[in-house]
>>> print(open('upload_6.cif').read())   # mmCIF, C-alpha atoms
data_upload
#
loop_
_atom_site.group_PDB
_atom_site.id
_atom_site.type_symbol
_atom_site.label_atom_id
_atom_site.label_comp_id
_atom_site.auth_asym_id
_atom_site.auth_seq_id
_atom_site.Cartn_x
_atom_site.Cartn_y
_atom_site.Cartn_z
ATOM 1 C CA MET A 973 72.209 127.851 85.033
ATOM 2 C CA ALA A 974 69.053 126.324 86.494
ATOM 3 C CA VAL A 975 66.990 123.867 84.459
ATOM 4 C CA LEU A 976 63.639 125.545 83.738
ATOM 5 C CA ALA A 977 61.922 122.758 81.820
ATOM 6 C CA CYS A 978 62.871 119.247 80.833
ATOM 7 C CA SER A 979 61.484 116.340 78.835
ATOM 8 C CA VAL A 980 62.856 112.816 78.386
ATOM 9 C CA ASP A 981 61.777 111.125 75.155
ATOM 10 C CA GLY A 982 58.997 113.693 74.929
ATOM 11 C CA ILE A 983 57.713 113.146 78.473
ATOM 12 C CA LEU A 984 57.872 116.208 80.717
ATOM 13 C CA GLN A 985 59.939 115.803 83.885
ATOM 14 C CA ASP A 986 60.352 117.771 87.090
ATOM 15 C CA PRO A 987 63.249 120.181 86.353
ATOM 16 C CA ALA A 988 64.430 119.971 89.970
ATOM 17 C CA ALA A 989 64.937 116.223 89.595
ATOM 18 C CA VAL A 990 67.494 116.664 86.819
ATOM 19 C CA ASP A 991 69.039 119.984 87.802
ATOM 20 C CA SER A 992 71.591 118.395 90.153
ATOM 21 C CA LEU A 993 72.838 116.190 87.294
ATOM 22 C CA ALA A 994 72.909 118.897 84.647
ATOM 23 C CA ARG A 995 76.681 119.310 84.611
ATOM 24 C CA ALA A 996 77.202 115.554 84.554
ATOM 25 C CA THR A 997 74.929 115.047 81.567
ATOM 26 C CA GLN A 998 76.065 118.118 79.648
ATOM 27 C CA TYR A 999 79.802 118.103 80.306
ATOM 28 C CA GLY A 1000 80.794 114.935 82.157
ATOM 29 C CA ASP A 1001 81.881 117.314 84.926
ATOM 30 C CA GLY A 1002 82.290 114.946 87.850
ATOM 31 C CA LEU A 1003 83.933 111.840 89.272
ATOM 32 C CA PHE A 1004 82.923 108.310 90.080
ATOM 33 C CA GLU A 1005 84.075 105.285 92.050
ATOM 34 C CA THR A 1006 82.934 101.716 91.463
ATOM 35 C CA ILE A 1007 83.145 99.587 94.602
ATOM 36 C CA ALA A 1008 82.551 95.875 95.111
ATOM 37 C CA VAL A 1009 80.167 95.161 98.001
ATOM 38 C CA ILE A 1010 80.748 91.682 99.402
ATOM 39 C CA ALA A 1011 78.655 90.425 102.326
ATOM 40 C CA LEU A 1012 77.270 93.976 102.661
ATOM 41 C CA ARG A 1013 80.778 95.366 103.089
ATOM 42 C CA PRO A 1014 82.400 97.693 100.518
ATOM 43 C CA LEU A 1015 85.865 96.352 99.666
ATOM 44 C CA PHE A 1016 88.822 98.724 99.987
ATOM 45 C CA TRP A 1017 86.499 101.458 101.236
ATOM 46 C CA ALA A 1018 89.223 103.731 102.617
ATOM 47 C CA GLU A 1019 91.260 103.426 99.427
ATOM 48 C CA HIS A 1020 88.278 104.324 97.239
ATOM 49 C CA LEU A 1021 87.449 107.362 99.371
ATOM 50 C CA ARG A 1022 91.071 108.465 99.234
ATOM 51 C CA ARG A 1023 91.091 108.305 95.427
ATOM 52 C CA LEU A 1024 87.716 110.081 95.225
ATOM 53 C CA ARG A 1025 89.074 112.869 97.396
ATOM 54 C CA GLN A 1026 92.267 113.148 95.320
ATOM 55 C CA GLY A 1027 90.173 113.429 92.168
ATOM 56 C CA ALA A 1028 87.919 116.062 93.721
ATOM 57 C CA THR A 1029 90.976 118.090 94.712
ATOM 58 C CA ALA A 1030 92.355 117.885 91.174
ATOM 59 C CA LEU A 1031 89.065 119.137 89.724
ATOM 60 C CA GLY A 1032 88.479 121.785 92.406
ATOM 61 C CA MET A 1033 85.442 120.209 94.091
ATOM 62 C CA ALA A 1034 84.724 120.059 97.807
ATOM 63 C CA LEU A 1035 83.656 116.784 99.458
ATOM 64 C CA PRO A 1036 82.296 116.003 102.930
ATOM 65 C CA ASP A 1037 84.654 114.277 105.346
ATOM 66 C CA ASP A 1038 85.091 110.505 105.277
ATOM 67 C CA HIS A 1039 82.794 109.971 108.256
ATOM 68 C CA SER A 1040 79.960 111.766 106.456
ATOM 69 C CA LEU A 1041 80.560 109.716 103.304
ATOM 70 C CA THR A 1042 80.481 106.528 105.366
ATOM 71 C CA CYS A 1043 77.183 107.609 106.941
ATOM 72 C CA LEU A 1044 75.713 108.182 103.474
ATOM 73 C CA TRP A 1045 76.648 104.622 102.549
ATOM 74 C CA GLN A 1046 75.209 103.199 105.765
ATOM 75 C CA ASP A 1047 71.950 105.124 105.273
ATOM 76 C CA LEU A 1048 71.655 103.761 101.742
ATOM 77 C CA LEU A 1049 72.263 100.214 102.925
ATOM 78 C CA ALA A 1050 69.713 100.617 105.728
ATOM 79 C CA SER A 1051 67.101 101.740 103.190
ATOM 80 C CA LEU A 1052 67.206 98.409 101.361
ATOM 81 C CA PRO A 1053 64.601 95.740 101.990
ATOM 82 C CA ALA A 1054 65.868 92.515 103.519
ATOM 83 C CA THR A 1055 68.966 91.602 101.515
ATOM 84 C CA ASN A 1056 70.821 88.316 101.298
ATOM 85 C CA PRO A 1057 74.013 89.048 103.275
ATOM 86 C CA HIS A 1058 75.976 86.871 100.826
ATOM 87 C CA GLN A 1059 74.699 88.724 97.761
ATOM 88 C CA ARG A 1060 77.338 90.587 95.776
ATOM 89 C CA LEU A 1061 76.441 94.175 94.889
ATOM 90 C CA VAL A 1062 78.075 97.154 93.224
ATOM 91 C CA LEU A 1063 78.183 100.578 94.835
ATOM 92 C CA LYS A 1064 78.798 103.482 92.485
ATOM 93 C CA ILE A 1065 79.529 106.917 93.960
ATOM 94 C CA LEU A 1066 79.067 109.867 91.612
ATOM 95 C CA CYS A 1067 80.409 113.279 92.550
ATOM 96 C CA VAL A 1068 79.004 116.006 90.270
ATOM 97 C CA ARG A 1069 80.039 119.651 90.292
ATOM 98 C CA SER A 1070 77.078 121.755 91.410
ATOM 99 C CA GLU A 1071 78.262 125.192 90.291
ATOM 100 C CA GLY A 1072 79.331 126.638 86.986
ATOM 101 C CA GLN A 1073 78.097 128.376 83.869
ATOM 102 C CA GLY A 1074 78.954 126.546 80.677
ATOM 103 C CA TYR A 1075 82.641 125.677 80.734
ATOM 104 C CA ALA A 1076 83.382 128.272 83.429
ATOM 105 C CA THR A 1077 83.598 126.981 87.010
ATOM 106 C CA PRO A 1078 84.689 128.472 90.363
ATOM 107 C CA GLN A 1079 88.193 127.723 91.622
ATOM 108 C CA ARG A 1080 86.552 125.520 94.261
ATOM 109 C CA SER A 1081 82.932 124.473 94.055
ATOM 110 C CA ALA A 1082 80.444 122.355 95.916
ATOM 111 C CA ALA A 1083 79.551 118.869 94.717
ATOM 112 C CA THR A 1084 76.371 116.819 94.538
ATOM 113 C CA LEU A 1085 76.833 113.206 95.652
ATOM 114 C CA LEU A 1086 74.889 110.240 94.299
ATOM 115 C CA PHE A 1087 75.176 106.776 95.812
ATOM 116 C CA LEU A 1088 73.843 104.033 93.509
ATOM 117 C CA LEU A 1089 73.585 100.415 94.614
ATOM 118 C CA GLN A 1090 73.391 98.056 91.649
ATOM 119 C CA ASP A 1091 73.227 94.371 90.792
ATOM 120 C CA TRP A 1092 76.479 92.516 90.250
ATOM 121 C CA PRO A 1093 77.356 92.207 86.534
ATOM 122 C CA LEU A 1094 77.224 88.650 85.186
ATOM 123 C CA ARG A 1095 80.157 87.462 83.088
ATOM 124 C CA PRO A 1096 81.119 83.990 81.824
ATOM 125 C CA LYS A 1097 83.024 81.969 84.419
ATOM 126 C CA ARG A 1098 85.540 80.897 81.788
ATOM 127 C CA TYR A 1099 87.096 84.369 81.923
ATOM 128 C CA TRP A 1100 88.476 83.355 85.328
ATOM 129 C CA GLN A 1101 88.656 79.587 84.915
ATOM 130 C CA GLU A 1102 90.469 79.655 81.548
ATOM 131 C CA GLY A 1103 91.406 83.239 80.721
ATOM 132 C CA VAL A 1104 90.498 85.877 78.163
ATOM 133 C CA CYS A 1105 91.550 86.808 74.646
ATOM 134 C CA ALA A 1106 92.957 90.289 74.150
ATOM 135 C CA GLY A 1107 95.209 92.463 72.045
ATOM 136 C CA LEU A 1108 96.162 96.037 71.274
ATOM 137 C CA SER A 1109 93.366 98.540 70.764
ATOM 138 C CA ALA A 1110 93.347 100.655 67.615
ATOM 139 C CA VAL A 1111 92.130 103.577 69.771
ATOM 140 C CA PRO A 1112 94.831 105.525 71.659
ATOM 141 C CA LEU A 1113 94.378 106.686 75.250
ATOM 142 C CA GLN A 1114 94.381 110.444 75.713
ATOM 143 C CA CYS A 1115 97.262 111.331 78.046
ATOM 144 C CA GLY A 1116 99.453 114.224 79.078
ATOM 145 C CA GLU A 1117 97.513 116.096 81.784
ATOM 146 C CA GLU A 1118 96.837 115.530 85.492
ATOM 147 C CA TYR A 1119 93.052 115.482 85.041
ATOM 148 C CA LEU A 1120 93.446 112.519 82.676
ATOM 149 C CA THR A 1121 94.538 110.411 85.677
ATOM 150 C CA VAL A 1122 91.214 111.103 87.446
ATOM 151 C CA LYS A 1123 88.080 108.917 87.180
ATOM 152 C CA THR A 1124 85.914 111.570 85.593
ATOM 153 C CA LEU A 1125 82.425 110.939 84.254
ATOM 154 C CA ASN A 1126 83.717 111.531 80.727
ATOM 155 C CA ARG A 1127 84.451 107.993 79.460
ATOM 156 C CA LEU A 1128 84.060 108.606 75.728
ATOM 157 C CA ASN A 1129 87.650 107.490 75.083
ATOM 158 C CA GLN A 1130 86.858 104.100 76.638
ATOM 159 C CA ILE A 1131 83.470 103.852 74.907
ATOM 160 C CA MET A 1132 85.059 104.355 71.493
ATOM 161 C CA ALA A 1133 87.759 101.799 72.308
ATOM 162 C CA TRP A 1134 85.057 99.296 73.321
ATOM 163 C CA ARG A 1135 83.188 99.931 70.067
ATOM 164 C CA ALA A 1136 86.384 99.047 68.186
ATOM 165 C CA LEU A 1137 86.970 95.850 70.209
ATOM 166 C CA PRO A 1138 87.128 92.748 67.984
ATOM 167 C CA GLU A 1139 84.274 90.351 68.688
ATOM 168 C CA GLU A 1140 86.596 87.525 69.769
ATOM 169 C CA TRP A 1141 88.380 89.659 72.389
ATOM 170 C CA GLN A 1142 87.163 90.311 75.935
ATOM 171 C CA GLU A 1143 89.542 93.226 76.594
ATOM 172 C CA ALA A 1144 92.162 95.332 74.832
ATOM 173 C CA VAL A 1145 95.189 97.380 75.845
ATOM 174 C CA LEU A 1146 95.225 101.093 75.101
ATOM 175 C CA CYS A 1147 98.544 102.776 74.349
ATOM 176 C CA ASP A 1148 99.178 106.502 74.500
ATOM 177 C CA GLN A 1149 99.869 108.647 71.445
ATOM 178 C CA ALA A 1150 103.583 107.747 71.692
ATOM 179 C CA GLY A 1151 102.787 104.025 71.558
ATOM 180 C CA ASN A 1152 103.530 103.260 75.219
ATOM 181 C CA LEU A 1153 101.404 100.786 77.171
ATOM 182 C CA ARG A 1154 98.844 102.329 79.514
ATOM 183 C CA GLU A 1155 95.800 100.266 80.556
ATOM 184 C CA GLY A 1156 92.884 98.116 79.464
ATOM 185 C CA ILE A 1157 89.582 99.590 78.334
ATOM 186 C CA GLN A 1158 87.936 98.736 81.658
ATOM 187 C CA SER A 1159 90.907 97.540 83.663
ATOM 188 C CA ASN A 1160 94.536 97.937 84.595
ATOM 189 C CA LEU A 1161 97.316 95.921 82.999
ATOM 190 C CA CYS A 1162 100.204 93.986 84.483
ATOM 191 C CA TRP A 1163 102.504 91.270 83.180
ATOM 192 C CA ARG A 1164 105.029 88.854 84.639
ATOM 193 C CA ILE A 1165 108.535 88.114 83.394
ATOM 194 C CA GLY A 1166 110.215 85.631 85.707
ATOM 195 C CA ASP A 1167 109.937 86.986 89.251
ATOM 196 C CA ARG A 1168 109.201 90.526 88.046
ATOM 197 C CA LEU A 1169 105.699 91.981 87.861
ATOM 198 C CA LEU A 1170 105.476 94.996 85.577
ATOM 199 C CA THR A 1171 102.722 97.569 85.161
ATOM 200 C CA PRO A 1172 102.556 100.781 83.087
ATOM 201 C CA ASP A 1173 103.411 104.219 84.431
ATOM 202 C CA LEU A 1174 100.120 106.166 84.679
ATOM 203 C CA GLN A 1175 101.314 109.430 86.183
ATOM 204 C CA ASP A 1176 100.075 111.568 83.264
ATOM 205 C CA GLY A 1177 97.290 109.407 81.821
ATOM 206 C CA GLY A 1178 95.303 106.339 82.806
ATOM 207 C CA ILE A 1179 93.606 105.396 86.063
ATOM 208 C CA ALA A 1180 95.620 103.821 88.875
ATOM 209 C CA GLY A 1181 93.124 101.192 90.021
ATOM 210 C CA ILE A 1182 92.445 100.296 93.639
ATOM 211 C CA GLN A 1183 92.520 96.602 92.726
ATOM 212 C CA LEU A 1184 95.828 97.058 90.922
ATOM 213 C CA GLY A 1185 97.337 98.574 94.044
ATOM 214 C CA ALA A 1186 96.111 95.644 96.140
ATOM 215 C CA ILE A 1187 97.490 93.118 93.628
ATOM 216 C CA LEU A 1188 100.897 94.806 93.519
ATOM 217 C CA GLN A 1189 101.018 94.714 97.318
ATOM 218 C CA GLN A 1190 100.154 91.005 97.282
ATOM 219 C CA ALA A 1191 102.792 90.344 94.640
ATOM 220 C CA ARG A 1192 105.468 91.948 96.804
ATOM 221 C CA SER A 1193 104.413 89.776 99.732
ATOM 222 C CA TRP A 1194 104.895 86.723 97.477
ATOM 223 C CA GLY A 1195 108.463 87.770 96.676
ATOM 224 C CA LEU A 1196 107.900 89.319 93.253
ATOM 225 C CA THR A 1197 109.686 92.513 92.284
ATOM 226 C CA VAL A 1198 107.159 95.154 91.211
ATOM 227 C CA GLU A 1199 108.222 97.615 88.521
ATOM 228 C CA VAL A 1200 106.312 100.607 87.142
ATOM 229 C CA VAL A 1201 107.563 101.113 83.609
ATOM 230 C CA ARG A 1202 106.985 103.166 80.473
ATOM 231 C CA GLU A 1203 107.329 100.587 77.715
ATOM 232 C CA PRO A 1204 106.094 100.205 74.134
ATOM 233 C CA ALA A 1205 103.594 97.505 73.199
ATOM 234 C CA GLU A 1206 106.445 95.224 72.091
ATOM 235 C CA ALA A 1207 107.324 94.720 75.765
ATOM 236 C CA LEU A 1208 104.399 92.296 76.060
ATOM 237 C CA GLU A 1209 106.089 89.929 73.603
ATOM 238 C CA ARG A 1210 108.405 88.905 76.461
ATOM 239 C CA ALA A 1211 105.591 88.410 78.993
ATOM 240 C CA GLU A 1212 105.144 84.980 80.532
ATOM 241 C CA GLU A 1213 101.760 86.016 81.924
ATOM 242 C CA ILE A 1214 99.488 88.973 81.165
ATOM 243 C CA LEU A 1215 96.651 89.965 83.483
ATOM 244 C CA PHE A 1216 93.892 92.568 83.606
ATOM 245 C CA CYS A 1217 92.380 93.726 86.898
ATOM 246 C CA ASN A 1218 89.718 96.012 88.301
ATOM 247 C CA SER A 1219 87.533 96.253 91.400
ATOM 248 C CA LEU A 1220 84.834 93.904 90.099
ATOM 249 C CA ILE A 1221 86.776 91.271 88.137
ATOM 250 C CA CYS A 1222 89.720 91.057 90.555
ATOM 251 C CA SER A 1223 91.986 89.628 87.820
ATOM 252 C CA TRP A 1224 91.530 88.116 84.385
ATOM 253 C CA PRO A 1225 94.472 86.091 83.089
ATOM 254 C CA VAL A 1226 95.117 86.259 79.352
ATOM 255 C CA ARG A 1227 95.127 82.924 77.514
ATOM 256 C CA ARG A 1228 95.612 84.416 74.050
ATOM 257 C CA TRP A 1229 97.393 87.659 73.322
ATOM 258 C CA GLN A 1230 97.066 88.821 69.709
ATOM 259 C CA GLU A 1231 98.207 85.650 67.862
ATOM 260 C CA ARG A 1232 100.146 84.188 70.788
ATOM 261 C CA ASP A 1233 99.018 81.571 73.314
ATOM 262 C CA LEU A 1234 99.675 82.209 77.003
ATOM 263 C CA PRO A 1235 99.048 80.060 80.114
ATOM 264 C CA GLY A 1236 95.896 81.923 81.096
ATOM 265 C CA ALA A 1237 94.465 80.596 84.360
ATOM 266 C CA GLN A 1238 97.233 77.969 84.536
ATOM 267 C CA GLY A 1239 99.930 80.582 85.045
ATOM 268 C CA SER A 1240 101.674 80.600 88.402
ATOM 269 C CA LEU A 1241 100.659 84.175 89.257
ATOM 270 C CA ALA A 1242 97.120 83.688 87.939
ATOM 271 C CA GLN A 1243 96.660 80.700 90.242
ATOM 272 C CA ARG A 1244 97.868 82.656 93.252
ATOM 273 C CA LEU A 1245 95.596 85.562 92.419
ATOM 274 C CA ALA A 1246 92.672 83.172 91.953
ATOM 275 C CA GLY A 1247 93.063 81.895 95.497
ATOM 276 C CA TRP A 1248 93.383 85.416 96.838
ATOM 277 C CA GLY A 1249 90.378 86.607 94.808
ATOM 278 C CA GLN A 1250 88.246 83.760 96.128
ATOM 279 C CA GLN A 1251 89.065 84.850 99.671
ATOM 280 C CA LEU A 1252 87.852 88.355 98.794
ATOM 281 C CA GLY A 1253 84.649 86.905 97.300
ATOM 282 C CA LEU A 1254 85.255 88.362 93.831
ATOM 283 C CA PHE A 1255 85.469 85.142 91.828
ATOM 284 C CA PRO A 1256 82.239 83.648 90.394
ATOM 285 C CA GLU A 1257 82.835 80.368 92.217
ATOM 286 C CA MET A 1258 82.181 82.254 95.449
ATOM 287 C CA ALA A 1259 78.850 83.731 94.313
#
>>> encode(input="upload_6.cif", output="structure tokens")
Amino acid sequence: MAVLACSVDGILQDPAAVDSLARATQYGDGLFETIAVIALRPLFWAEHLRRLRQGATALGMALPDDHSLTCLWQDLLASLPATNPHQRLVLKILCVRSEGQGYATPQRSAATLLFLLQDWPLRPKRYWQEGVCAGLSAVPLQCGEEYLTVKTLNRLNQIMAWRALPEEWQEAVLCDQAGNLREGIQSNLCWRIGDRLLTPDLQDGGIAGIQLGAILQQARSWGLTVEVVREPAEALERAEEILFCNSLICSWPVRRWQERDLPGAQGSLAQRLAGWGQQLGLFPEMA
């Protein structure tokens, strides 16, 4: 259904300017990727495109080939005025379904692509240098279907969990309706017990992060055994280290979990990840 007229806060807008985003704004019918851009280079570019394509397949949307997507990024970068090559930026790719009437959509439909280049978010350095405080969220994560493993534009579950976040916490862990660990509000979760690194099974709910995959690969190279598990929240009581990770924070070590003190940035794995994250340019000390 085409947009015939539109106003924003009472100010009339060109309907054509908002028509391509209509399904995103009305239904959250689309996907997104958030990519760290370091020294004008998008980190883990191929991995992000692979996940975007997997999500598009799951939702029945067609995407251009990877070369075309790369050209779109290069054109966007070339459009910028002179940019500090050491500046950290955030690239967000939005893929919005272009066809459909209400909830009804074709089996396979075209997509509108938006590339947004944004400033890097500023966060306190102590989150890396010391660690964060976290605990269990009172809001469960919706799970049980394949589409719930896709980075759709519908993030209301995470928004409501963030609204319930205690003021003294920087992150929280969401469990599924059965009480099993899944992920952080804005991050993935992993924890160390001895030489084992554990992370929740996300095959039917939760987002398998690109940064998580890179961290698990690094952990294996350091001799840690990586295990994907379906465990209740009580499993974290045995953790020697707990960490959150995503594409922009790299990793946040936990210094206080619920009412329990943990090593935070002094943990052996946290220190290794800090050195690795500095090499990637993700830690604030490298800004």
>>> closest_atom_pairs(input="upload_6.cif", of="range 1143-1226 of chain A", to="range 1062-1079 of chain A", cutoff="12 Å", atoms="only C-alpha atoms", output="CSV")
residue,atom,partner,partner_atom,distance
A:Ser1219,CA,A:Val1062,CA,9.7
A:Leu1220,CA,A:Val1062,CA,8.1
A:Ile1221,CA,A:Val1062,CA,11.7
>>> write_last_selection(input="upload_6.cif", atoms="C-alpha atoms", output="PDB file, keeping the file's coordinate frame")
ATOM      1  CA  SER A1219      87.533  96.253  91.400  1.00  0.00           C
ATOM      2  CA  LEU A1220      84.834  93.904  90.099  1.00  0.00           C
ATOM      3  CA  ILE A1221      86.776  91.271  88.137  1.00  0.00           C
TER       4      ILE A1221
END
>>> residues_around(input="upload_6.cif", residues="range 1184-1199 of chain A", least_positions_apart="3", cutoff="7 Å", atoms="only C-alpha atoms", output="list of chain:residue names")
A:Asn1160, A:Asp1167, A:Arg1168, A:Leu1169, A:Leu1170, A:Thr1171, A:Gly1181, A:Cys1217, A:Asn1218
>>> closest_atom_pairs(input="upload_6.cif", of="range 1080-1168 of chain A", to="range 1223-1239 of chain A", cutoff="12 Å", atoms="all atoms listed in the file", output="CSV")
residue,atom,partner,partner_atom,distance
A:Arg1095,CA,A:Trp1224,CA,11.5
A:Pro1096,CA,A:Trp1224,CA,11.5
A:Lys1097,CA,A:Trp1224,CA,10.5
A:Arg1098,CA,A:Ala1237,CA,9.3
A:Tyr1099,CA,A:Trp1224,CA,6.3
A:Trp1100,CA,A:Trp1224,CA,5.7
A:Gln1101,CA,A:Ala1237,CA,5.9
A:Glu1102,CA,A:Ala1237,CA,5.0
A:Gly1103,CA,A:Gly1236,CA,4.7
A:Val1104,CA,A:Val1226,CA,4.8
A:Cys1105,CA,A:Arg1228,CA,4.8
A:Ala1106,CA,A:Trp1229,CA,5.2
A:Gly1107,CA,A:Gln1230,CA,4.7
A:Leu1108,CA,A:Gln1230,CA,7.4
A:Ser1109,CA,A:Gln1230,CA,10.5
A:Pro1138,CA,A:Gln1230,CA,10.8
A:Glu1140,CA,A:Arg1228,CA,10.5
A:Trp1141,CA,A:Arg1228,CA,9.1
A:Gln1142,CA,A:Val1226,CA,9.6
A:Glu1143,CA,A:Val1226,CA,9.3
A:Ala1144,CA,A:Trp1229,CA,9.4
A:Val1145,CA,A:Trp1229,CA,10.3
A:Gly1156,CA,A:Trp1224,CA,11.2
A:Gln1158,CA,A:Trp1224,CA,11.5
A:Ser1159,CA,A:Ser1223,CA,9.0
A:Asn1160,CA,A:Ser1223,CA,9.3
A:Leu1161,CA,A:Ser1223,CA,9.6
A:Cys1162,CA,A:Pro1225,CA,9.9
A:Trp1163,CA,A:Pro1225,CA,9.6
A:Arg1164,CA,A:Gly1239,CA,9.7
A:Ile1165,CA,A:Gly1239,CA,11.6
A:Gly1166,CA,A:Gly1239,CA,11.5
>>> resolve_selection(input="upload_6.cif", expression="the PyMOL selection byres ((chain A and resi 1028-1044) around 10)", output="JSON, numbers by chain")
{"A": [1001, 1002, 1003, 1004, 1017, 1018, 1021, 1022, 1023, 1024, 1025, 1026, 1027, 1045, 1046, 1047, 1048, 1049, 1050, 1065, 1067, 1068, 1069, 1070, 1071, 1077, 1078, 1079, 1080, 1081, 1082, 1083, 1084, 1085, 1086, 1087, 1118, 1119, 1121, 1122, 1123, 1124]}
>>> residues_around(input="upload_6.cif", residues="Leu1012 in chain A", least_positions_apart="5", cutoff="9 Å", atoms="all atoms listed in the file", output="PDB file with C-alpha atoms, in the coordinates of the input")
ATOM      1  CA  LEU A1049      72.263 100.214 102.925  1.00  0.00           C
ATOM      2  CA  THR A1055      68.966  91.602 101.515  1.00  0.00           C
ATOM      3  CA  ASN A1056      70.821  88.316 101.298  1.00  0.00           C
ATOM      4  CA  PRO A1057      74.013  89.048 103.275  1.00  0.00           C
ATOM      5  CA  HIS A1058      75.976  86.871 100.826  1.00  0.00           C
ATOM      6  CA  GLN A1059      74.699  88.724  97.761  1.00  0.00           C
ATOM      7  CA  ARG A1060      77.338  90.587  95.776  1.00  0.00           C
ATOM      8  CA  LEU A1061      76.441  94.175  94.889  1.00  0.00           C
TER       9      LEU A1061
END
>>> resolve_selection(input="upload_6.cif", expression="the PyMOL selection byres ((chain A and resi 1255) around 9)", output="mmCIF file with C-alpha atoms, keeping the file's coordinate frame")
data_model
loop_
_atom_site.group_PDB
_atom_site.id
_atom_site.type_symbol
_atom_site.label_atom_id
_atom_site.label_comp_id
_atom_site.auth_asym_id
_atom_site.auth_seq_id
_atom_site.Cartn_x
_atom_site.Cartn_y
_atom_site.Cartn_z
ATOM 1 C CA LYS A 1097 83.024 81.969 84.419
ATOM 2 C CA TRP A 1100 88.476 83.355 85.328
ATOM 3 C CA LEU A 1220 84.834 93.904 90.099
ATOM 4 C CA ILE A 1221 86.776 91.271 88.137
ATOM 5 C CA CYS A 1222 89.720 91.057 90.555
ATOM 6 C CA SER A 1223 91.986 89.628 87.820
ATOM 7 C CA ALA A 1246 92.672 83.172 91.953
ATOM 8 C CA GLY A 1249 90.378 86.607 94.808
ATOM 9 C CA GLN A 1250 88.246 83.760 96.128
ATOM 10 C CA GLN A 1251 89.065 84.850 99.671
ATOM 11 C CA LEU A 1252 87.852 88.355 98.794
ATOM 12 C CA GLY A 1253 84.649 86.905 97.300
ATOM 13 C CA LEU A 1254 85.255 88.362 93.831
ATOM 14 C CA PRO A 1256 82.239 83.648 90.394
ATOM 15 C CA GLU A 1257 82.835 80.368 92.217
ATOM 16 C CA MET A 1258 82.181 82.254 95.449
ATOM 17 C CA ALA A 1259 78.850 83.731 94.313
#
>>> resolve_selection(input="upload_6.cif", expression="the PyMOL selection byres ((chain A and resi 1205) around 7)", output="JSON, numbers by chain")
{"A": [1151, 1152, 1153, 1203, 1204, 1206, 1207, 1208]}
>>> residues_around(input="upload_6.cif", residues="Gln1130 in chain A", least_positions_apart="3", cutoff="10 Å", atoms="all atoms listed in the file", output="ChimeraX atom specification")
/A:1111-1114,1126-1127,1133-1136,1146,1156-1158
>>> atom_distance(input="upload_6.cif", atom1="CA of Asp1176 in chain A", atom2="CA of Arg1202 in chain A")
11.2 Å
>>> closest_residue(input="upload_6.cif", among="A:Ser1051, A:Gln1175, A:Gln1090, A:Gln985", to="Val1009 in chain A", atoms="all atoms listed in the file")
A:Gln1090
>>> axis_aligned_box(input="upload_6.cif", around="range 1189-1196 of chain A", padding_each_side="4 Å", output="lines of an AutoDock Vina configuration file")
center_x = 104.3
center_y = 90.7
center_z = 96.5
size_x = 16.3
size_y = 16.0
size_z = 14.5
>>> atom_distance(input="upload_6.cif", atom1="CA of Arg1154 in chain A", atom2="CA of Ile1131 in chain A")
16.1 Å
>>> atom_distance(input="upload_6.cif", atom1="CA of Ile1179 in chain A", atom2="CA of Leu1120 in chain A")
7.9 Å
